[in-house]
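For reference, start_36.json (JSON, N, CA and C atoms):
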```
[["chain", "number", "residue", "atom", "x", "y", "z"],
["A", 1002, "MET", "N", -3.00, 9.01, 16.33],
["A", 1002, "MET", "CA", -3.80, 8.14, 15.49],
["A", 1002, "MET", "C", -3.09, 6.78, 15.43],
["A", 1003, "PRO", "N", -3.80, 5.69, 15.64],
["A", 1003, "PRO", "CA", -3.19, 4.36, 15.57],
["A", 1003, "PRO", "C", -2.67, 4.06, 14.17],
["A", 1004, "PRO", "N", -1.57, 3.30, 14.08],
["A", 1004, "PRO", "CA", -1.01, 2.96, 12.78],
["A", 1004, "PRO", "C", -2.02, 2.31, 11.83],
["A", 1005, "SER", "N", -2.93, 1.50, 12.34],
["A", 1005, "SER", "CA", -3.91, 0.86, 11.47],
["A", 1005, "SER", "C", -4.80, 1.89, 10.78],
["A", 1006, "TYR", "N", -5.13, 2.96, 11.47],
["A", 1006, "TYR", "CA", -5.95, 4.02, 10.88],
["A", 1006, "TYR", "C", -5.17, 4.77, 9.80],
["A", 1007, "ILE", "N", -3.88, 4.98, 10.05],
["A", 1007, "ILE", "CA", -3.03, 5.65, 9.06],
["A", 1007, "ILE", "C", -2.96, 4.83, 7.79],
["A", 1008, "LEU", "N", -2.74, 3.52, 7.93],
["A", 1008, "LEU", "CA", -2.66, 2.64, 6.77],
["A", 1008, "LEU", "C", -3.98, 2.59, 6.02],
["A", 1009, "GLN", "N", -5.08, 2.57, 6.74],
["A", 1009, "GLN", "CA", -6.40, 2.59, 6.09],
["A", 1009, "GLN", "C", -6.62, 3.90, 5.34],
["A", 1010, "SER", "N", -6.15, 5.00, 5.90],
["A", 1010, "SER", "CA", -6.34, 6.29, 5.22],
["A", 1010, "SER", "C", -5.51, 6.37, 3.94],
["A", 1011, "MET", "N", -4.42, 5.60, 3.88],
["A", 1011, "MET", "CA", -3.56, 5.59, 2.70],
["A", 1011, "MET", "C", -4.06, 4.62, 1.63],
["A", 1012, "THR", "N", -5.00, 3.76, 1.98],
["A", 1012, "THR", "CA", -5.42, 2.71, 1.04],
["A", 1012, "THR", "C", -6.93, 2.76, 0.83],
["A", 1013, "ILE", "N", -7.67, 2.09, 1.68],
["A", 1013, "ILE", "CA", -9.12, 1.97, 1.55],
["A", 1013, "ILE", "C", -9.80, 3.33, 1.52],
["A", 1014, "ASN", "N", -9.48, 4.17, 2.49],
["A", 1014, "ASN", "CA", -10.15, 5.47, 2.59],
["A", 1014, "ASN", "C", -9.81, 6.37, 1.40],
["A", 1015, "ALA", "N", -8.57, 6.32, 0.95],
["A", 1015, "ALA", "CA", -8.17, 7.13, -0.21],
["A", 1015, "ALA", "C", -8.93, 6.69, -1.46],
["A", 1016, "ALA", "N", -9.06, 5.39, -1.65],
["A", 1016, "ALA", "CA", -9.81, 4.88, -2.80],
["A", 1016, "ALA", "C", -11.27, 5.33, -2.74],
["A", 1017, "GLU", "N", -11.87, 5.27, -1.57],
["A", 1017, "GLU", "CA", -13.25, 5.71, -1.42],
["A", 1017, "GLU", "C", -13.40, 7.20, -1.70],
["A", 1018, "LEU", "N", -12.49, 7.98, -1.19],
["A", 1018, "LEU", "CA", -12.52, 9.43, -1.40],
["A", 1018, "LEU", "C", -12.47, 9.78, -2.88],
["A", 1019, "LEU", "N", -11.70, 9.00, -3.64],
["A", 1019, "LEU", "CA", -11.55, 9.25, -5.07],
["A", 1019, "LEU", "C", -12.61, 8.54, -5.92],
["A", 1020, "GLY", "N", -13.51, 7.81, -5.26],
["A", 1020, "GLY", "CA", -14.54, 7.09, -5.98],
["A", 1020, "GLY", "C", -14.02, 5.86, -6.70],
["A", 1021, "LEU", "N", -12.92, 5.30, -6.22],
["A", 1021, "LEU", "CA", -12.27, 4.15, -6.87],
["A", 1021, "LEU", "C", -12.33, 2.89, -6.03],
["A", 1022, "GLU", "N", -13.24, 2.85, -5.06],
["A", 1022, "GLU", "CA", -13.29, 1.72, -4.13],
["A", 1022, "GLU", "C", -13.64, 0.39, -4.79],
["A", 1023, "ASN", "N", -14.15, 0.42, -6.01],
["A", 1023, "ASN", "CA", -14.49, -0.82, -6.71],
["A", 1023, "ASN", "C", -13.33, -1.37, -7.53],
["A", 1024, "SER", "N", -12.19, -0.66, -7.51],
["A", 1024, "SER", "CA", -11.04, -1.13, -8.29],
["A", 1024, "SER", "C", -9.70, -0.94, -7.59],
["A", 1025, "ARG", "N", -9.70, -0.24, -6.45],
["A", 1025, "ARG", "CA", -8.44, 0.04, -5.75],
["A", 1025, "ARG", "C", -8.68, 0.07, -4.24],
["A", 1026, "GLY", "N", -7.56, 0.01, -3.50],
["A", 1026, "GLY", "CA", -7.65, 0.19, -2.06],
["A", 1026, "GLY", "C", -7.53, -1.07, -1.24],
["A", 1027, "VAL", "N", -7.67, -2.23, -1.87],
["A", 1027, "VAL", "CA", -7.55, -3.51, -1.14],
["A", 1027, "VAL", "C", -6.80, -4.52, -2.01],
["A", 1028, "LEU", "N", -6.27, -5.55, -1.36],
["A", 1028, "LEU", "CA", -5.65, -6.67, -2.08],
["A", 1028, "LEU", "C", -6.72, -7.69, -2.41],
["A", 1029, "GLU", "N", -7.20, -7.63, -3.63],
["A", 1029, "GLU", "CA", -8.26, -8.54, -4.03],
["A", 1029, "GLU", "C", -8.15, -8.79, -5.53],
["A", 1030, "LYS", "N", -8.58, -9.96, -5.94],
["A", 1030, "LYS", "CA", -8.56, -10.32, -7.35],
["A", 1030, "LYS", "C", -9.31, -9.27, -8.17],
["A", 1031, "SER", "N", -8.74, -8.90, -9.29],
["A", 1031, "SER", "CA", -9.25, -7.94, -10.27],
["A", 1031, "SER", "C", -9.15, -6.48, -9.82],
["A", 1032, "TYR", "N", -8.50, -6.21, -8.69],
["A", 1032, "TYR", "CA", -8.25, -4.83, -8.26],
["A", 1032, "TYR", "C", -6.86, -4.40, -8.73],
["A", 1033, "TYR", "N", -6.68, -3.13, -9.02],
["A", 1033, "TYR", "CA", -5.36, -2.58, -9.34],
["A", 1033, "TYR", "C", -4.65, -2.34, -8.02],
["A", 1034, "THR", "N", -3.57, -3.06, -7.81],
["A", 1034, "THR", "CA", -2.89, -2.98, -6.52],
["A", 1034, "THR", "C", -1.38, -2.95, -6.71],
["A", 1035, "ASP", "N", -0.74, -1.96, -6.14],
["A", 1035, "ASP", "CA", 0.71, -1.93, -6.04],
["A", 1035, "ASP", "C", 1.04, -2.31, -4.60],
["A", 1036, "ILE", "N", 2.15, -2.99, -4.42],
["A", 1036, "ILE", "CA", 2.51, -3.50, -3.10],
["A", 1036, "ILE", "C", 3.89, -3.00, -2.72],
["A", 1037, "ILE", "N", 4.07, -2.67, -1.46],
["A", 1037, "ILE", "CA", 5.41, -2.37, -0.96],
["A", 1037, "ILE", "C", 5.76, -3.41, 0.11],
["A", 1038, "ALA", "N", 7.01, -3.83, 0.13],
["A", 1038, "ALA", "CA", 7.51, -4.73, 1.16],
["A", 1038, "ALA", "C", 8.38, -3.90, 2.11],
["A", 1039, "LEU", "N", 8.13, -4.06, 3.39],
["A", 1039, "LEU", "CA", 8.82, -3.27, 4.41],
["A", 1039, "LEU", "C", 9.72, -4.16, 5.26],
["A", 1040, "LYS", "N", 10.70, -3.55, 5.93],
["A", 1040, "LYS", "CA", 11.60, -4.29, 6.82],
["A", 1040, "LYS", "C", 10.88, -4.79, 8.07],
["A", 1041, "SER", "N", 9.89, -4.04, 8.52],
["A", 1041, "SER", "CA", 9.18, -4.41, 9.75],
["A", 1041, "SER", "C", 7.70, -4.07, 9.61],
["A", 1042, "ASN", "N", 6.94, -4.45, 10.60],
["A", 1042, "ASN", "CA", 5.49, -4.31, 10.58],
["A", 1042, "ASN", "C", 5.07, -2.87, 10.91],
["A", 1043, "PRO", "N", 4.40, -2.18, 9.98],
["A", 1043, "PRO", "CA", 3.99, -0.81, 10.26],
["A", 1043, "PRO", "C", 2.89, -0.71, 11.32],
["A", 1044, "LEU", "N", 2.25, -1.83, 11.63],
["A", 1044, "LEU", "CA", 1.26, -1.79, 12.72],
["A", 1044, "LEU", "C", 1.95, -1.69, 14.07],
["A", 1045, "ASP", "N", 3.19, -2.14, 14.14],
["A", 1045, "ASP", "CA", 3.98, -2.01, 15.38],
["A", 1045, "ASP", "C", 4.63, -0.64, 15.48],
["A", 1046, "ASN", "N", 5.06, -0.11, 14.32],
["A", 1046, "ASN", "CA", 5.72, 1.19, 14.29],
["A", 1046, "ASN", "C", 5.50, 1.78, 12.90],
["A", 1047, "ILE", "N", 4.71, 2.82, 12.80],
["A", 1047, "ILE", "CA", 4.34, 3.40, 11.50],
["A", 1047, "ILE", "C", 5.56, 3.91, 10.74],
["A", 1048, "ASP", "N", 6.66, 4.20, 11.43],
["A", 1048, "ASP", "CA", 7.87, 4.64, 10.75],
["A", 1048, "ASP", "C", 8.45, 3.57, 9.84],
["A", 1049, "ALA", "N", 7.97, 2.34, 9.96],
["A", 1049, "ALA", "CA", 8.41, 1.25, 9.08],
["A", 1049, "ALA", "C", 8.13, 1.57, 7.61],
["A", 1050, "ILE", "N", 7.17, 2.44, 7.34],
["A", 1050, "ILE", "CA", 6.88, 2.77, 5.93],
["A", 1050, "ILE", "C", 8.03, 3.53, 5.28],
["A", 1051, "ASN", "N", 8.99, 3.96, 6.06],
["A", 1051, "ASN", "CA", 10.18, 4.63, 5.53],
["A", 1051, "ASN", "C", 11.28, 3.64, 5.17],
["A", 1052, "SER", "N", 11.06, 2.35, 5.38],
["A", 1052, "SER", "CA", 12.07, 1.32, 5.11],
["A", 1052, "SER", "C", 11.55, 0.36, 4.04],
["A", 1053, "VAL", "N", 11.32, 0.87, 2.87],
["A", 1053, "VAL", "CA", 10.78, 0.06, 1.77],
["A", 1053, "VAL", "C", 11.89, -0.83, 1.21],
["A", 1054, "GLN", "N", 11.59, -2.13, 1.13],
["A", 1054, "GLN", "CA", 12.52, -3.10, 0.56],
["A", 1054, "GLN", "C", 12.34, -3.22, -0.94],
["A", 1055, "PHE", "N", 11.09, -3.27, -1.37],
["A", 1055, "PHE", "CA", 10.82, -3.26, -2.80],
["A", 1055, "PHE", "C", 9.38, -2.84, -3.05],
["A", 1056, "VAL", "N", 9.14, -2.46, -4.28],
["A", 1056, "VAL", "CA", 7.80, -2.09, -4.74],
["A", 1056, "VAL", "C", 7.42, -3.07, -5.83],
["A", 1057, "MET", "N", 6.19, -3.58, -5.77],
["A", 1057, "MET", "CA", 5.68, -4.41, -6.86],
["A", 1057, "MET", "C", 4.57, -3.62, -7.54],
["A", 1058, "LYS", "N", 4.78, -3.34, -8.82],
["A", 1058, "LYS", "CA", 3.82, -2.58, -9.61],
["A", 1058, "LYS", "C", 3.53, -3.36, -10.87],
["A", 1059, "GLU", "N", 2.25, -3.53, -11.15],
["A", 1059, "GLU", "CA", 1.82, -4.28, -12.32],
["A", 1059, "GLU", "C", 2.43, -5.67, -12.36],
["A", 1060, "GLY", "N", 2.58, -6.29, -11.19],
["A", 1060, "GLY", "CA", 3.08, -7.65, -11.10],
["A", 1060, "GLY", "C", 4.57, -7.80, -11.22],
["A", 1061, "LYS", "N", 5.31, -6.68, -11.29],
["A", 1061, "LYS", "CA", 6.77, -6.74, -11.43],
["A", 1061, "LYS", "C", 7.43, -5.99, -10.29],
["A", 1062, "VAL", "N", 8.51, -6.58, -9.76],
["A", 1062, "VAL", "CA", 9.27, -5.92, -8.70],
["A", 1062, "VAL", "C", 10.08, -4.79, -9.30],
["A", 1063, "ARG", "N", 9.95, -3.64, -8.70],
["A", 1063, "ARG", "CA", 10.62, -2.43, -9.20],
["A", 1063, "ARG", "C", 11.65, -1.92, -8.19],
["A", 1064, "SER", "N", 12.42, -2.80, -7.59],
["A", 1064, "SER", "CA", 13.35, -2.42, -6.53],
["A", 1064, "SER", "C", 14.42, -1.45, -7.02],
["A", 1065, "ASP", "N", 14.76, -1.52, -8.30],
["A", 1065, "ASP", "CA", 15.79, -0.65, -8.82],
["A", 1065, "ASP", "C", 15.35, 0.81, -8.89],
["A", 1066, "GLU", "N", 14.07, 1.08, -8.71],
["A", 1066, "GLU", "CA", 13.55, 2.42, -8.81],
["A", 1066, "GLU", "C", 13.42, 3.11, -7.45],
["A", 1067, "ILE", "N", 13.77, 2.39, -6.36],
["A", 1067, "ILE", "CA", 13.66, 2.96, -5.02],
["A", 1067, "ILE", "C", 14.87, 3.85, -4.77],
["A", 1068, "SER", "N", 14.60, 5.05, -4.27],
["A", 1068, "SER", "CA", 15.71, 5.95, -3.98],
["A", 1068, "SER", "C", 15.95, 6.04, -2.49]]
```
Here is the file; what I need is its structure written in the form of structure tokens.
Amino acid sequence: MPPSYILQSMTINAAELLGLENSRGVLEKSYYTDIIALKSNPLDNIDAINSVQFVMKEGKVRSDEIS
């Protein structure tokens, strides 16, 4: 499966499956969105999702909570 499909299944598709597509799943104004920053591009190598630099939740960086 291409990395883009994996990322979509973790975001847009998951929100749709849960019936939350009107409030989650994309980076858009008025949506609930948590963000992760990675060392490299997961579209080039999906294993990049294992190298989280920080998490932004509710507008605050939560890097101290990464294990």
All residues 7 Å or closer to segment 1036-1045 of chain A, all atoms listed in the file, same chain fewer than 3 positions away omitted, as a PyMOL selection string = chain A and resi 1004-1005+1048-1050+1052-1059
Tell me which of A:Asp1035, A:Gln1009, A:Asn1014, A:Glu1029 sits closest to Gly1060 of chain A, counting only C-alpha atoms.
-> A:Asp1035
Kindly list the centre and edge lengths in Å, rounded to one decimal, for the axis-aligned box that covers all listed atoms of segment 1024-1032 of chain A plus 8 Å on each of its six sides, as AutoDock Vina command-line options.
```
--center_x -8.9 --center_y -5.1 --center_z -5.7 --size_x 22.5 --size_y 26.5 --size_z 25.1
```
In Å, with one decimal, what is the gap from atom C of Ser1064 of chain A to atom N of Asn1051 of chain A?
->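 A separation of 15.2 Å between them.
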Report the residues of chain A whose backbone DSSP state falls under strand (DSSP E or B), written as a ChimeraX atom specification.
-> /A:1036-1039,1053-1058,1061-1062
Separation of atom C of Pro1003 of chain A and atom N of Ser1031 of chain A, in Å?
->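 If I compute the distance from atom C of Pro1003 of chain A to atom N of Ser1031 of chain A, I get 27.5 Å.
We find atom N of Lys1030 of chain A and atom C of Met1002 of chain A to be spaced 27.7 Å apart.
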Reconstruct all heavy atoms of segment 1025-1036 of chain A; output as a PDB file, in the coordinates of the input.
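Ended up saving to out_14.pdb:
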```pdb
ATOM      1  N   ARG A1025      -9.700  -0.240  -6.450  1.00  0.00           N
ATOM      2  CA  ARG A1025      -8.440   0.040  -5.750  1.00  0.00           C
ATOM      3  C   ARG A1025      -8.680   0.070  -4.240  1.00  0.00           C
ATOM      4  O   ARG A1025      -9.792   0.156  -3.776  1.00  0.00           O
ATOM      5  CB  ARG A1025      -7.875   1.385  -6.194  1.00  0.00           C
ATOM      6  CG  ARG A1025      -7.378   1.359  -7.628  1.00  0.00           C
ATOM      7  CD  ARG A1025      -6.981   2.753  -8.086  1.00  0.00           C
ATOM      8  NE  ARG A1025      -6.326   2.748  -9.370  1.00  0.00           N
ATOM      9  CZ  ARG A1025      -6.941   2.633 -10.532  1.00  0.00           C
ATOM     10  NH1 ARG A1025      -8.251   2.495 -10.565  1.00  0.00           N
ATOM     11  NH2 ARG A1025      -6.273   2.635 -11.654  1.00  0.00           N
ATOM     12  N   GLY A1026      -7.560   0.010  -3.500  1.00  0.00           N
ATOM     13  CA  GLY A1026      -7.650   0.190  -2.060  1.00  0.00           C
ATOM     14  C   GLY A1026      -7.530  -1.070  -1.240  1.00  0.00           C
ATOM     15  O   GLY A1026      -7.341  -0.995  -0.028  1.00  0.00           O
ATOM     16  N   VAL A1027      -7.670  -2.230  -1.870  1.00  0.00           N
ATOM     17  CA  VAL A1027      -7.550  -3.510  -1.140  1.00  0.00           C
ATOM     18  C   VAL A1027      -6.800  -4.520  -2.010  1.00  0.00           C
ATOM     19  O   VAL A1027      -6.704  -4.370  -3.226  1.00  0.00           O
ATOM     20  CB  VAL A1027      -8.926  -4.100  -0.753  1.00  0.00           C
ATOM     21  CG1 VAL A1027      -9.658  -3.198   0.224  1.00  0.00           C
ATOM     22  CG2 VAL A1027      -9.774  -4.351  -1.972  1.00  0.00           C
ATOM     23  N   LEU A1028      -6.270  -5.550  -1.360  1.00  0.00           N
ATOM     24  CA  LEU A1028      -5.650  -6.670  -2.080  1.00  0.00           C
ATOM     25  C   LEU A1028      -6.720  -7.690  -2.410  1.00  0.00           C
ATOM     26  O   LEU A1028      -7.133  -8.464  -1.553  1.00  0.00           O
ATOM     27  CB  LEU A1028      -4.560  -7.330  -1.222  1.00  0.00           C
ATOM     28  CG  LEU A1028      -3.252  -6.596  -1.099  1.00  0.00           C
ATOM     29  CD1 LEU A1028      -2.356  -7.286  -0.075  1.00  0.00           C
ATOM     30  CD2 LEU A1028      -2.560  -6.504  -2.439  1.00  0.00           C
ATOM     31  N   GLU A1029      -7.200  -7.630  -3.630  1.00  0.00           N
ATOM     32  CA  GLU A1029      -8.260  -8.540  -4.030  1.00  0.00           C
ATOM     33  C   GLU A1029      -8.150  -8.790  -5.530  1.00  0.00           C
ATOM     34  O   GLU A1029      -7.690  -7.938  -6.285  1.00  0.00           O
ATOM     35  CB  GLU A1029      -9.629  -7.934  -3.700  1.00  0.00           C
ATOM     36  CG  GLU A1029     -10.528  -8.894  -2.971  1.00  0.00           C
ATOM     37  CD  GLU A1029     -11.833  -8.262  -2.563  1.00  0.00           C
ATOM     38  OE1 GLU A1029     -11.851  -7.676  -1.477  1.00  0.00           O
ATOM     39  OE2 GLU A1029     -12.804  -8.362  -3.324  1.00  0.00           O
ATOM     40  N   LYS A1030      -8.580  -9.960  -5.940  1.00  0.00           N
ATOM     41  CA  LYS A1030      -8.560 -10.320  -7.350  1.00  0.00           C
ATOM     42  C   LYS A1030      -9.310  -9.270  -8.170  1.00  0.00           C
ATOM     43  O   LYS A1030     -10.367  -8.805  -7.760  1.00  0.00           O
ATOM     44  CB  LYS A1030      -9.206 -11.696  -7.541  1.00  0.00           C
ATOM     45  CG  LYS A1030      -9.127 -12.214  -8.947  1.00  0.00           C
ATOM     46  CD  LYS A1030      -9.736 -13.593  -9.048  1.00  0.00           C
ATOM     47  CE  LYS A1030      -9.659 -14.084 -10.480  1.00  0.00           C
ATOM     48  NZ  LYS A1030     -10.235 -15.419 -10.625  1.00  0.00           N
ATOM     49  N   SER A1031      -8.740  -8.900  -9.290  1.00  0.00           N
ATOM     50  CA  SER A1031      -9.250  -7.940 -10.270  1.00  0.00           C
ATOM     51  C   SER A1031      -9.150  -6.480  -9.820  1.00  0.00           C
ATOM     52  O   SER A1031      -9.634  -5.590 -10.510  1.00  0.00           O
ATOM     53  CB  SER A1031     -10.695  -8.257 -10.688  1.00  0.00           C
ATOM     54  OG  SER A1031     -11.623  -7.881  -9.697  1.00  0.00           O
ATOM     55  N   TYR A1032      -8.500  -6.210  -8.690  1.00  0.00           N
ATOM     56  CA  TYR A1032      -8.250  -4.830  -8.260  1.00  0.00           C
ATOM     57  C   TYR A1032      -6.860  -4.400  -8.730  1.00  0.00           C
ATOM     58  O   TYR A1032      -5.969  -5.234  -8.873  1.00  0.00           O
ATOM     59  CB  TYR A1032      -8.304  -4.716  -6.730  1.00  0.00           C
ATOM     60  CG  TYR A1032      -9.686  -4.541  -6.175  1.00  0.00           C
ATOM     61  CD1 TYR A1032     -10.687  -5.461  -6.409  1.00  0.00           C
ATOM     62  CD2 TYR A1032      -9.998  -3.439  -5.389  1.00  0.00           C
ATOM     63  CE1 TYR A1032     -11.953  -5.303  -5.893  1.00  0.00           C
ATOM     64  CE2 TYR A1032     -11.265  -3.259  -4.863  1.00  0.00           C
ATOM     65  CZ  TYR A1032     -12.236  -4.205  -5.125  1.00  0.00           C
ATOM     66  OH  TYR A1032     -13.489  -4.040  -4.617  1.00  0.00           O
ATOM     67  N   TYR A1033      -6.680  -3.130  -9.020  1.00  0.00           N
ATOM     68  CA  TYR A1033      -5.360  -2.580  -9.340  1.00  0.00           C
ATOM     69  C   TYR A1033      -4.650  -2.340  -8.020  1.00  0.00           C
ATOM     70  O   TYR A1033      -5.095  -1.532  -7.204  1.00  0.00           O
ATOM     71  CB  TYR A1033      -5.498  -1.245 -10.088  1.00  0.00           C
ATOM     72  CG  TYR A1033      -6.155  -1.387 -11.431  1.00  0.00           C
ATOM     73  CD1 TYR A1033      -7.503  -1.093 -11.595  1.00  0.00           C
ATOM     74  CD2 TYR A1033      -5.426  -1.832 -12.526  1.00  0.00           C
ATOM     75  CE1 TYR A1033      -8.110  -1.224 -12.833  1.00  0.00           C
ATOM     76  CE2 TYR A1033      -6.028  -1.974 -13.771  1.00  0.00           C
ATOM     77  CZ  TYR A1033      -7.369  -1.669 -13.912  1.00  0.00           C
ATOM     78  OH  TYR A1033      -7.965  -1.802 -15.132  1.00  0.00           O
ATOM     79  N   THR A1034      -3.570  -3.060  -7.810  1.00  0.00           N
ATOM     80  CA  THR A1034      -2.890  -2.980  -6.520  1.00  0.00           C
ATOM     81  C   THR A1034      -1.380  -2.950  -6.710  1.00  0.00           C
ATOM     82  O   THR A1034      -0.814  -3.800  -7.375  1.00  0.00           O
ATOM     83  CB  THR A1034      -3.240  -4.192  -5.642  1.00  0.00           C
ATOM     84  OG1 THR A1034      -4.658  -4.274  -5.528  1.00  0.00           O
ATOM     85  CG2 THR A1034      -2.646  -4.063  -4.269  1.00  0.00           C
ATOM     86  N   ASP A1035      -0.740  -1.960  -6.140  1.00  0.00           N
ATOM     87  CA  ASP A1035       0.710  -1.930  -6.040  1.00  0.00           C
ATOM     88  C   ASP A1035       1.040  -2.310  -4.600  1.00  0.00           C
ATOM     89  O   ASP A1035       0.295  -1.985  -3.673  1.00  0.00           O
ATOM     90  CB  ASP A1035       1.248  -0.536  -6.353  1.00  0.00           C
ATOM     91  CG  ASP A1035       0.913  -0.093  -7.768  1.00  0.00           C
ATOM     92  OD1 ASP A1035       0.767  -0.971  -8.636  1.00  0.00           O
ATOM     93  OD2 ASP A1035       0.797   1.116  -7.991  1.00  0.00           O
ATOM     94  N   ILE A1036       2.150  -2.990  -4.420  1.00  0.00           N
ATOM     95  CA  ILE A1036       2.510  -3.500  -3.100  1.00  0.00           C
ATOM     96  C   ILE A1036       3.890  -3.000  -2.720  1.00  0.00           C
ATOM     97  O   ILE A1036       4.780  -2.946  -3.578  1.00  0.00           O
ATOM     98  CB  ILE A1036       2.522  -5.048  -3.108  1.00  0.00           C
ATOM     99  CG1 ILE A1036       1.149  -5.582  -3.507  1.00  0.00           C
ATOM    100  CG2 ILE A1036       2.954  -5.604  -1.758  1.00  0.00           C
ATOM    101  CD1 ILE A1036       1.149  -7.066  -3.780  1.00  0.00           C
TER     102      ILE A1036
END
```
